[in-house]
>>> print(open('query-v3.cif').read())   # mmCIF, N, CA and C atoms and all ligand atoms
data_start
loop_
_atom_site.label_atom_id
_atom_site.label_comp_id
_atom_site.auth_asym_id
_atom_site.auth_seq_id
_atom_site.Cartn_x
_atom_site.Cartn_y
_atom_site.Cartn_z
N MET A 1 3.14 -2.11 28.46
CA MET A 1 3.42 -2.83 27.21
C MET A 1 4.24 -1.97 26.27
N GLU A 2 5.18 -2.58 25.64
CA GLU A 2 6.03 -1.83 24.72
C GLU A 2 5.62 -2.11 23.27
N PHE A 3 5.48 -1.03 22.52
CA PHE A 3 5.10 -1.18 21.12
C PHE A 3 6.23 -0.74 20.20
N VAL A 4 6.33 -1.39 19.04
CA VAL A 4 7.35 -1.02 18.06
C VAL A 4 6.68 -0.72 16.72
N VAL A 5 7.36 0.08 15.90
CA VAL A 5 6.85 0.39 14.56
C VAL A 5 7.08 -0.83 13.67
N LEU A 6 6.00 -1.37 13.12
CA LEU A 6 6.13 -2.53 12.26
C LEU A 6 6.36 -2.10 10.82
N ASN A 7 5.61 -1.09 10.39
CA ASN A 7 5.66 -0.64 9.01
C ASN A 7 4.97 0.71 8.94
N SER A 8 5.16 1.43 7.85
CA SER A 8 4.42 2.68 7.69
C SER A 8 3.78 2.74 6.30
N TYR A 9 2.66 3.41 6.25
CA TYR A 9 1.88 3.47 5.02
C TYR A 9 1.55 4.91 4.69
N SER A 10 1.55 5.23 3.39
CA SER A 10 1.27 6.61 3.01
C SER A 10 -0.22 6.88 2.88
N ASN A 11 -1.04 5.84 2.89
CA ASN A 11 -2.48 6.12 2.89
C ASN A 11 -3.20 5.24 3.90
N TYR A 12 -4.28 5.81 4.45
CA TYR A 12 -4.91 5.16 5.59
C TYR A 12 -5.69 3.91 5.21
N ILE A 13 -6.03 3.76 3.92
CA ILE A 13 -6.75 2.55 3.50
C ILE A 13 -5.86 1.32 3.66
N ASP A 14 -4.62 1.43 3.13
CA ASP A 14 -3.65 0.34 3.28
C ASP A 14 -3.42 0.02 4.75
N ALA A 15 -3.21 1.08 5.54
CA ALA A 15 -2.93 0.90 6.96
C ALA A 15 -4.09 0.18 7.67
N HIS A 16 -5.33 0.57 7.32
CA HIS A 16 -6.49 -0.05 7.97
C HIS A 16 -6.66 -1.51 7.56
N ILE A 17 -6.36 -1.81 6.29
CA ILE A 17 -6.45 -3.19 5.82
C ILE A 17 -5.49 -4.07 6.62
N ILE A 18 -4.24 -3.60 6.74
CA ILE A 18 -3.23 -4.36 7.48
C ILE A 18 -3.63 -4.52 8.95
N ARG A 19 -4.11 -3.41 9.54
CA ARG A 19 -4.51 -3.49 10.94
C ARG A 19 -5.61 -4.54 11.13
N GLY A 20 -6.58 -4.54 10.19
CA GLY A 20 -7.68 -5.50 10.26
C GLY A 20 -7.20 -6.94 10.19
N VAL A 21 -6.25 -7.18 9.27
CA VAL A 21 -5.70 -8.53 9.11
C VAL A 21 -4.98 -8.96 10.38
N LEU A 22 -4.16 -8.06 10.92
CA LEU A 22 -3.38 -8.38 12.12
C LEU A 22 -4.29 -8.64 13.32
N GLU A 23 -5.33 -7.82 13.45
CA GLU A 23 -6.24 -7.99 14.60
C GLU A 23 -6.96 -9.32 14.51
N GLU A 24 -7.30 -9.71 13.27
CA GLU A 24 -7.97 -11.00 13.08
C GLU A 24 -7.07 -12.15 13.52
N GLU A 25 -5.76 -11.95 13.41
CA GLU A 25 -4.78 -12.96 13.81
C GLU A 25 -4.42 -12.85 15.29
N GLY A 26 -5.10 -11.94 16.00
CA GLY A 26 -4.86 -11.80 17.43
C GLY A 26 -3.66 -10.95 17.80
N ILE A 27 -3.22 -10.12 16.86
CA ILE A 27 -2.08 -9.24 17.11
C ILE A 27 -2.58 -7.94 17.74
N ASN A 28 -1.92 -7.53 18.80
CA ASN A 28 -2.25 -6.30 19.51
C ASN A 28 -1.60 -5.12 18.77
N CYS A 29 -2.42 -4.32 18.06
CA CYS A 29 -1.83 -3.24 17.27
C CYS A 29 -2.72 -2.00 17.17
N TRP A 30 -2.10 -0.89 16.78
CA TRP A 30 -2.83 0.35 16.59
C TRP A 30 -2.08 1.23 15.58
N LEU A 31 -2.76 2.27 15.10
CA LEU A 31 -2.16 3.15 14.10
C LEU A 31 -1.72 4.47 14.72
N LYS A 32 -0.50 4.85 14.42
CA LYS A 32 0.04 6.10 14.93
C LYS A 32 0.07 7.15 13.82
N ASP A 33 -0.20 8.38 14.18
CA ASP A 33 -0.19 9.50 13.23
C ASP A 33 -1.30 9.40 12.18
N GLU A 34 -2.30 8.58 12.47
CA GLU A 34 -3.40 8.40 11.51
C GLU A 34 -4.10 9.71 11.22
N HIS A 35 -4.37 10.49 12.28
CA HIS A 35 -5.17 11.71 12.10
C HIS A 35 -4.40 12.79 11.37
N THR A 36 -3.12 12.91 11.67
CA THR A 36 -2.28 13.88 10.97
C THR A 36 -2.35 13.64 9.47
N VAL A 37 -2.19 12.38 9.08
CA VAL A 37 -2.12 12.05 7.67
C VAL A 37 -3.47 12.23 7.00
N THR A 38 -4.55 11.81 7.66
CA THR A 38 -5.86 11.88 7.05
C THR A 38 -6.32 13.33 6.86
N ILE A 39 -6.06 14.15 7.84
CA ILE A 39 -6.49 15.55 7.77
C ILE A 39 -5.66 16.32 6.74
N ASP A 40 -4.39 16.10 6.75
CA ASP A 40 -3.52 16.84 5.86
C ASP A 40 -2.51 15.92 5.17
N PRO A 41 -2.90 15.38 4.01
CA PRO A 41 -2.03 14.41 3.32
C PRO A 41 -0.66 14.99 2.97
N ILE A 42 -0.57 16.31 2.88
CA ILE A 42 0.72 16.93 2.55
C ILE A 42 1.75 16.61 3.64
N LEU A 43 1.24 16.43 4.86
CA LEU A 43 2.14 16.14 5.98
C LEU A 43 2.58 14.67 6.03
N THR A 44 1.98 13.85 5.14
CA THR A 44 2.27 12.41 5.18
C THR A 44 3.76 12.14 5.17
N ASN A 45 4.48 12.78 4.26
CA ASN A 45 5.91 12.54 4.17
C ASN A 45 6.65 13.10 5.37
N ALA A 46 6.17 14.25 5.86
CA ALA A 46 6.81 14.90 7.00
C ALA A 46 6.79 14.01 8.24
N VAL A 47 5.66 13.33 8.49
CA VAL A 47 5.57 12.49 9.68
C VAL A 47 5.97 11.05 9.39
N GLY A 48 6.29 10.75 8.12
CA GLY A 48 6.72 9.41 7.77
C GLY A 48 5.59 8.43 7.57
N GLY A 49 4.42 8.92 7.20
CA GLY A 49 3.27 8.06 6.92
C GLY A 49 2.57 7.60 8.18
N ILE A 50 1.54 6.78 7.99
CA ILE A 50 0.81 6.21 9.12
C ILE A 50 1.59 4.99 9.58
N LYS A 51 1.96 4.99 10.85
CA LYS A 51 2.76 3.88 11.35
C LYS A 51 1.86 2.84 12.02
N ILE A 52 2.12 1.60 11.70
CA ILE A 52 1.40 0.54 12.38
C ILE A 52 2.27 0.04 13.53
N MET A 53 1.72 0.18 14.73
CA MET A 53 2.45 -0.16 15.94
C MET A 53 1.96 -1.53 16.44
N VAL A 54 2.90 -2.39 16.77
CA VAL A 54 2.51 -3.69 17.30
C VAL A 54 3.21 -3.95 18.63
N TYR A 55 2.58 -4.75 19.43
CA TYR A 55 3.16 -5.17 20.70
C TYR A 55 4.47 -5.90 20.41
N LYS A 56 5.53 -5.47 21.10
CA LYS A 56 6.87 -5.95 20.82
C LYS A 56 6.96 -7.49 20.76
N GLY A 57 6.30 -8.13 21.72
CA GLY A 57 6.36 -9.58 21.79
C GLY A 57 5.70 -10.30 20.62
N GLN A 58 4.91 -9.55 19.82
CA GLN A 58 4.20 -10.15 18.69
C GLN A 58 4.74 -9.65 17.35
N ALA A 59 5.76 -8.80 17.41
CA ALA A 59 6.26 -8.15 16.19
C ALA A 59 6.72 -9.14 15.13
N GLU A 60 7.41 -10.19 15.57
CA GLU A 60 7.95 -11.16 14.62
C GLU A 60 6.82 -11.88 13.87
N ARG A 61 5.80 -12.26 14.65
CA ARG A 61 4.65 -12.96 14.05
C ARG A 61 3.91 -12.01 13.10
N ALA A 62 3.77 -10.76 13.52
CA ALA A 62 3.07 -9.77 12.70
C ALA A 62 3.79 -9.58 11.37
N LEU A 63 5.12 -9.57 11.43
CA LEU A 63 5.92 -9.40 10.22
C LEU A 63 5.71 -10.59 9.27
N ASP A 64 5.64 -11.80 9.85
CA ASP A 64 5.37 -13.01 9.07
C ASP A 64 4.04 -12.89 8.34
N ILE A 65 3.03 -12.39 9.07
CA ILE A 65 1.69 -12.27 8.50
C ILE A 65 1.69 -11.30 7.31
N ILE A 66 2.38 -10.16 7.49
CA ILE A 66 2.46 -9.17 6.42
C ILE A 66 3.21 -9.73 5.21
N THR A 67 4.30 -10.45 5.49
CA THR A 67 5.09 -11.03 4.41
C THR A 67 4.26 -12.04 3.61
N ASN A 68 3.53 -12.88 4.33
CA ASN A 68 2.68 -13.86 3.65
C ASN A 68 1.59 -13.18 2.83
N LEU A 69 1.05 -12.10 3.38
CA LEU A 69 0.01 -11.35 2.70
C LEU A 69 0.53 -10.81 1.38
N LYS A 70 1.76 -10.28 1.42
CA LYS A 70 2.38 -9.74 0.22
C LYS A 70 2.58 -10.83 -0.82
N LYS A 71 3.01 -12.01 -0.35
CA LYS A 71 3.22 -13.14 -1.26
C LYS A 71 1.92 -13.53 -1.94
N GLU A 72 0.84 -13.61 -1.12
CA GLU A 72 -0.46 -13.97 -1.67
C GLU A 72 -0.93 -12.96 -2.70
N GLN A 73 -0.71 -11.68 -2.38
CA GLN A 73 -1.12 -10.63 -3.31
C GLN A 73 -0.35 -10.73 -4.61
N LYS A 74 0.93 -11.09 -4.50
CA LYS A 74 1.77 -11.22 -5.68
C LYS A 74 1.25 -12.33 -6.60
N LEU A 75 0.79 -13.43 -5.99
CA LEU A 75 0.33 -14.55 -6.79
C LEU A 75 -0.95 -14.21 -7.56
N LEU A 76 -1.67 -13.21 -7.05
CA LEU A 76 -2.91 -12.82 -7.72
C LEU A 76 -2.62 -11.99 -8.98
N ILE A 77 -1.44 -11.38 -9.01
CA ILE A 77 -1.09 -10.52 -10.14
C ILE A 77 -0.06 -11.23 -11.01
N SER A 78 -0.28 -11.24 -12.29
CA SER A 78 0.75 -11.74 -13.19
C SER A 78 0.89 -10.77 -14.35
N CYS A 79 2.10 -10.71 -14.87
CA CYS A 79 2.40 -9.80 -15.96
C CYS A 79 1.68 -10.26 -17.23
N PRO A 80 0.92 -9.36 -17.88
CA PRO A 80 0.21 -9.77 -19.11
C PRO A 80 1.17 -9.99 -20.27
N ASN A 81 2.41 -9.57 -20.09
CA ASN A 81 3.39 -9.68 -21.16
C ASN A 81 4.18 -10.99 -21.09
N CYS A 82 4.61 -11.38 -19.87
CA CYS A 82 5.46 -12.57 -19.75
C CYS A 82 4.95 -13.55 -18.69
N ASN A 83 3.78 -13.25 -18.07
CA ASN A 83 3.17 -14.12 -17.06
C ASN A 83 3.96 -14.27 -15.77
N SER A 84 4.94 -13.42 -15.56
CA SER A 84 5.74 -13.49 -14.34
C SER A 84 4.94 -12.96 -13.15
N HIS A 85 5.24 -13.53 -11.97
CA HIS A 85 4.62 -13.00 -10.75
C HIS A 85 5.54 -12.01 -10.05
N ASN A 86 6.65 -11.74 -10.68
CA ASN A 86 7.63 -10.80 -10.11
C ASN A 86 7.20 -9.36 -10.41
N VAL A 87 5.99 -9.04 -9.90
CA VAL A 87 5.35 -7.78 -10.22
C VAL A 87 5.07 -7.03 -8.93
N GLU A 88 5.34 -5.74 -8.94
CA GLU A 88 5.06 -4.96 -7.75
C GLU A 88 4.38 -3.65 -8.12
N LEU A 89 3.49 -3.22 -7.22
CA LEU A 89 2.81 -1.96 -7.42
C LEU A 89 3.78 -0.83 -7.05
N VAL A 90 4.08 0.01 -8.01
CA VAL A 90 5.01 1.10 -7.75
C VAL A 90 4.33 2.45 -7.97
N SER A 91 4.80 3.43 -7.26
CA SER A 91 4.27 4.78 -7.42
C SER A 91 5.01 5.48 -8.54
N THR A 92 4.27 6.18 -9.36
CA THR A 92 4.89 6.97 -10.41
C THR A 92 4.68 8.45 -10.07
N PRO A 93 5.56 9.29 -10.49
CA PRO A 93 5.41 10.72 -10.19
C PRO A 93 4.06 11.23 -10.67
N ARG A 94 3.47 12.09 -9.86
CA ARG A 94 2.13 12.57 -10.20
C ARG A 94 2.21 13.60 -11.33
N LYS A 95 2.04 13.11 -12.53
CA LYS A 95 1.96 14.01 -13.68
C LYS A 95 1.14 13.30 -14.74
N ALA A 96 0.58 14.09 -15.62
CA ALA A 96 -0.25 13.51 -16.68
C ALA A 96 0.67 12.95 -17.75
N SER A 97 1.18 11.73 -17.50
CA SER A 97 2.17 11.16 -18.39
C SER A 97 1.54 10.53 -19.63
N ASN A 98 0.27 10.21 -19.53
CA ASN A 98 -0.40 9.69 -20.72
C ASN A 98 -1.82 10.25 -20.76
N TRP A 99 -2.47 10.08 -21.88
CA TRP A 99 -3.79 10.72 -22.04
C TRP A 99 -4.83 10.13 -21.10
N ILE A 100 -4.66 8.84 -20.70
CA ILE A 100 -5.66 8.24 -19.80
C ILE A 100 -5.62 8.93 -18.43
N SER A 101 -4.42 9.09 -17.89
CA SER A 101 -4.32 9.73 -16.57
C SER A 101 -4.67 11.21 -16.67
N ALA A 102 -4.38 11.82 -17.81
CA ALA A 102 -4.73 13.24 -18.00
C ALA A 102 -6.24 13.41 -17.94
N ILE A 103 -6.96 12.53 -18.63
CA ILE A 103 -8.42 12.61 -18.64
C ILE A 103 -8.99 12.27 -17.27
N ALA A 104 -8.45 11.21 -16.66
CA ALA A 104 -8.94 10.80 -15.35
C ALA A 104 -8.74 11.90 -14.32
N THR A 105 -7.58 12.54 -14.37
CA THR A 105 -7.30 13.62 -13.43
C THR A 105 -8.24 14.80 -13.67
N PHE A 106 -8.50 15.08 -14.95
CA PHE A 106 -9.39 16.18 -15.30
C PHE A 106 -10.78 15.95 -14.74
N PHE A 107 -11.31 14.74 -14.88
CA PHE A 107 -12.69 14.46 -14.46
C PHE A 107 -12.80 14.14 -12.97
N LEU A 108 -11.81 13.47 -12.44
CA LEU A 108 -11.93 12.95 -11.07
C LEU A 108 -11.11 13.72 -10.05
N GLY A 109 -10.22 14.55 -10.51
CA GLY A 109 -9.39 15.30 -9.58
C GLY A 109 -8.63 14.37 -8.65
N ASP A 110 -8.74 14.61 -7.38
CA ASP A 110 -7.99 13.84 -6.41
C ASP A 110 -8.38 12.36 -6.37
N PHE A 111 -9.59 12.05 -6.86
CA PHE A 111 -10.02 10.66 -6.83
C PHE A 111 -9.21 9.81 -7.81
N ALA A 112 -8.54 10.49 -8.72
CA ALA A 112 -7.75 9.77 -9.72
C ALA A 112 -6.37 9.40 -9.20
N ILE A 113 -6.19 9.52 -7.90
CA ILE A 113 -4.88 9.30 -7.30
C ILE A 113 -4.35 7.88 -7.57
N ALA A 114 -5.26 6.92 -7.77
CA ALA A 114 -4.87 5.53 -8.05
C ALA A 114 -4.10 5.43 -9.37
N VAL A 115 -4.30 6.38 -10.25
CA VAL A 115 -3.61 6.38 -11.53
C VAL A 115 -2.10 6.52 -11.31
N ASP A 116 -1.74 7.06 -10.18
CA ASP A 116 -0.33 7.27 -9.88
C ASP A 116 0.41 5.97 -9.60
N LYS A 117 -0.34 4.87 -9.47
CA LYS A 117 0.34 3.60 -9.18
C LYS A 117 0.21 2.66 -10.37
N VAL A 118 1.32 2.03 -10.72
CA VAL A 118 1.30 1.05 -11.79
C VAL A 118 1.96 -0.24 -11.31
N ASN A 119 1.55 -1.34 -11.94
CA ASN A 119 2.24 -2.60 -11.69
C ASN A 119 3.47 -2.67 -12.59
N HIS A 120 4.60 -2.91 -11.97
CA HIS A 120 5.84 -2.97 -12.73
C HIS A 120 6.37 -4.40 -12.71
N CYS A 121 6.61 -4.95 -13.89
CA CYS A 121 7.17 -6.30 -13.97
C CYS A 121 8.69 -6.21 -13.93
N PHE A 122 9.28 -6.89 -12.95
CA PHE A 122 10.74 -6.82 -12.79
C PHE A 122 11.47 -7.77 -13.74
N ASP A 123 10.70 -8.61 -14.45
CA ASP A 123 11.35 -9.52 -15.39
C ASP A 123 11.46 -8.92 -16.79
N CYS A 124 10.37 -8.31 -17.27
CA CYS A 124 10.41 -7.78 -18.64
C CYS A 124 10.23 -6.27 -18.69
N LYS A 125 10.13 -5.64 -17.50
CA LYS A 125 10.01 -4.19 -17.38
C LYS A 125 8.67 -3.64 -17.90
N HIS A 126 7.75 -4.54 -18.17
CA HIS A 126 6.44 -4.11 -18.65
C HIS A 126 5.68 -3.44 -17.50
N GLU A 127 4.94 -2.36 -17.82
CA GLU A 127 4.14 -1.70 -16.80
C GLU A 127 2.68 -1.69 -17.21
N PHE A 128 1.82 -2.00 -16.25
CA PHE A 128 0.39 -2.04 -16.57
C PHE A 128 -0.43 -1.56 -15.38
N ALA A 129 -1.61 -1.07 -15.68
CA ALA A 129 -2.45 -0.49 -14.63
C ALA A 129 -3.00 -1.56 -13.70
N PRO A 130 -3.06 -1.28 -12.38
CA PRO A 130 -3.63 -2.24 -11.45
C PRO A 130 -5.11 -2.44 -11.72
N LYS A 131 -5.58 -3.64 -11.46
CA LYS A 131 -7.01 -3.94 -11.66
C LYS A 131 -7.86 -3.14 -10.69
N GLY A 132 -9.02 -2.70 -11.16
CA GLY A 132 -9.95 -2.01 -10.29
C GLY A 132 -9.61 -0.55 -10.06
N SER A 133 -8.66 -0.02 -10.83
CA SER A 133 -8.29 1.38 -10.64
C SER A 133 -9.12 2.29 -11.54
N ASP A 134 -9.92 1.70 -12.42
CA ASP A 134 -10.69 2.56 -13.32
C ASP A 134 -12.16 2.59 -12.99
ZN ZN A 201 6.69 -9.24 -17.57
#
>>> encode(input="query-v3.cif", output="structure tokens", more="lines below")
Ligand SMILES: [Zn+2]
Amino acid sequence: MEFVVLNSYSNYIDAHIIRGVLEEEGINCWLKDEHTVTIDPILTNAVGGIKIMVYKGQAERALDIITNLKKEQKLLISCPNCNSHNVELVSTPRKASNWISAIATFFLGDFAIAVDKVNHCFDCKHEFAPKGSD
């Protein structure tokens, strides 16, 4: 059987969620480089993240499933400023850019890693914290 790289993820939680969804849909898949990334996150960029591998014959369907999943997730989030659904979770450079992340990093250390991601509205440029990150 031939497998192809469907997508790559920088953290294993995202990768496992996607794998779970795909398996539920009957897609033959597995995670590559999972152990490298989990043991040493510094290597994540070096190896290109955790890759989700799918059986070549199912790749197109798997991509459809991921695309639909993204659409559904988008509909759950709306901008508090303009109510647009044109919002995406983006990574921000890891620095204490505001007092909330400074305090969170001080108390939680590495657990505050979620603070590094914000929802960015592409319509009004408003940025807001993802739900459940606190
Ligand atoms: Zn907006």
>>> residues_near_ligand(input="query-v3.cif", ligand="ligand ZN 201 (chain A)", cutoff="6 Å", atoms="only N, CA and C atoms and all ligand atoms", output="list in words")
Cys79, Pro80, Asn81, Cys82, Asn83, Ser84, Cys121, Phe122, Asp123, Cys124, Lys125 and His126 of chain A
>>> atom_distance(input="query-v3.cif", atom1="atom C of A:Asp64", atom2="atom C of A:Trp30")
17.0 Å
>>> atom_distance(input="query-v3.cif", atom1="atom CA of A:Lys131", atom2="atom CA of A:Gln73")
12.2 Å
>>> residues_around(input="query-v3.cif", residues="A:Tyr9", least_positions_apart="5", cutoff="8 Å", atoms="all atoms listed in the file", output="ChimeraX atom specification")
/A:14-15,44,48-52
>>> atom_distance(input="query-v3.cif", atom1="atom C of A:Asn119", atom2="atom N of A:Leu6")
25.9 Å
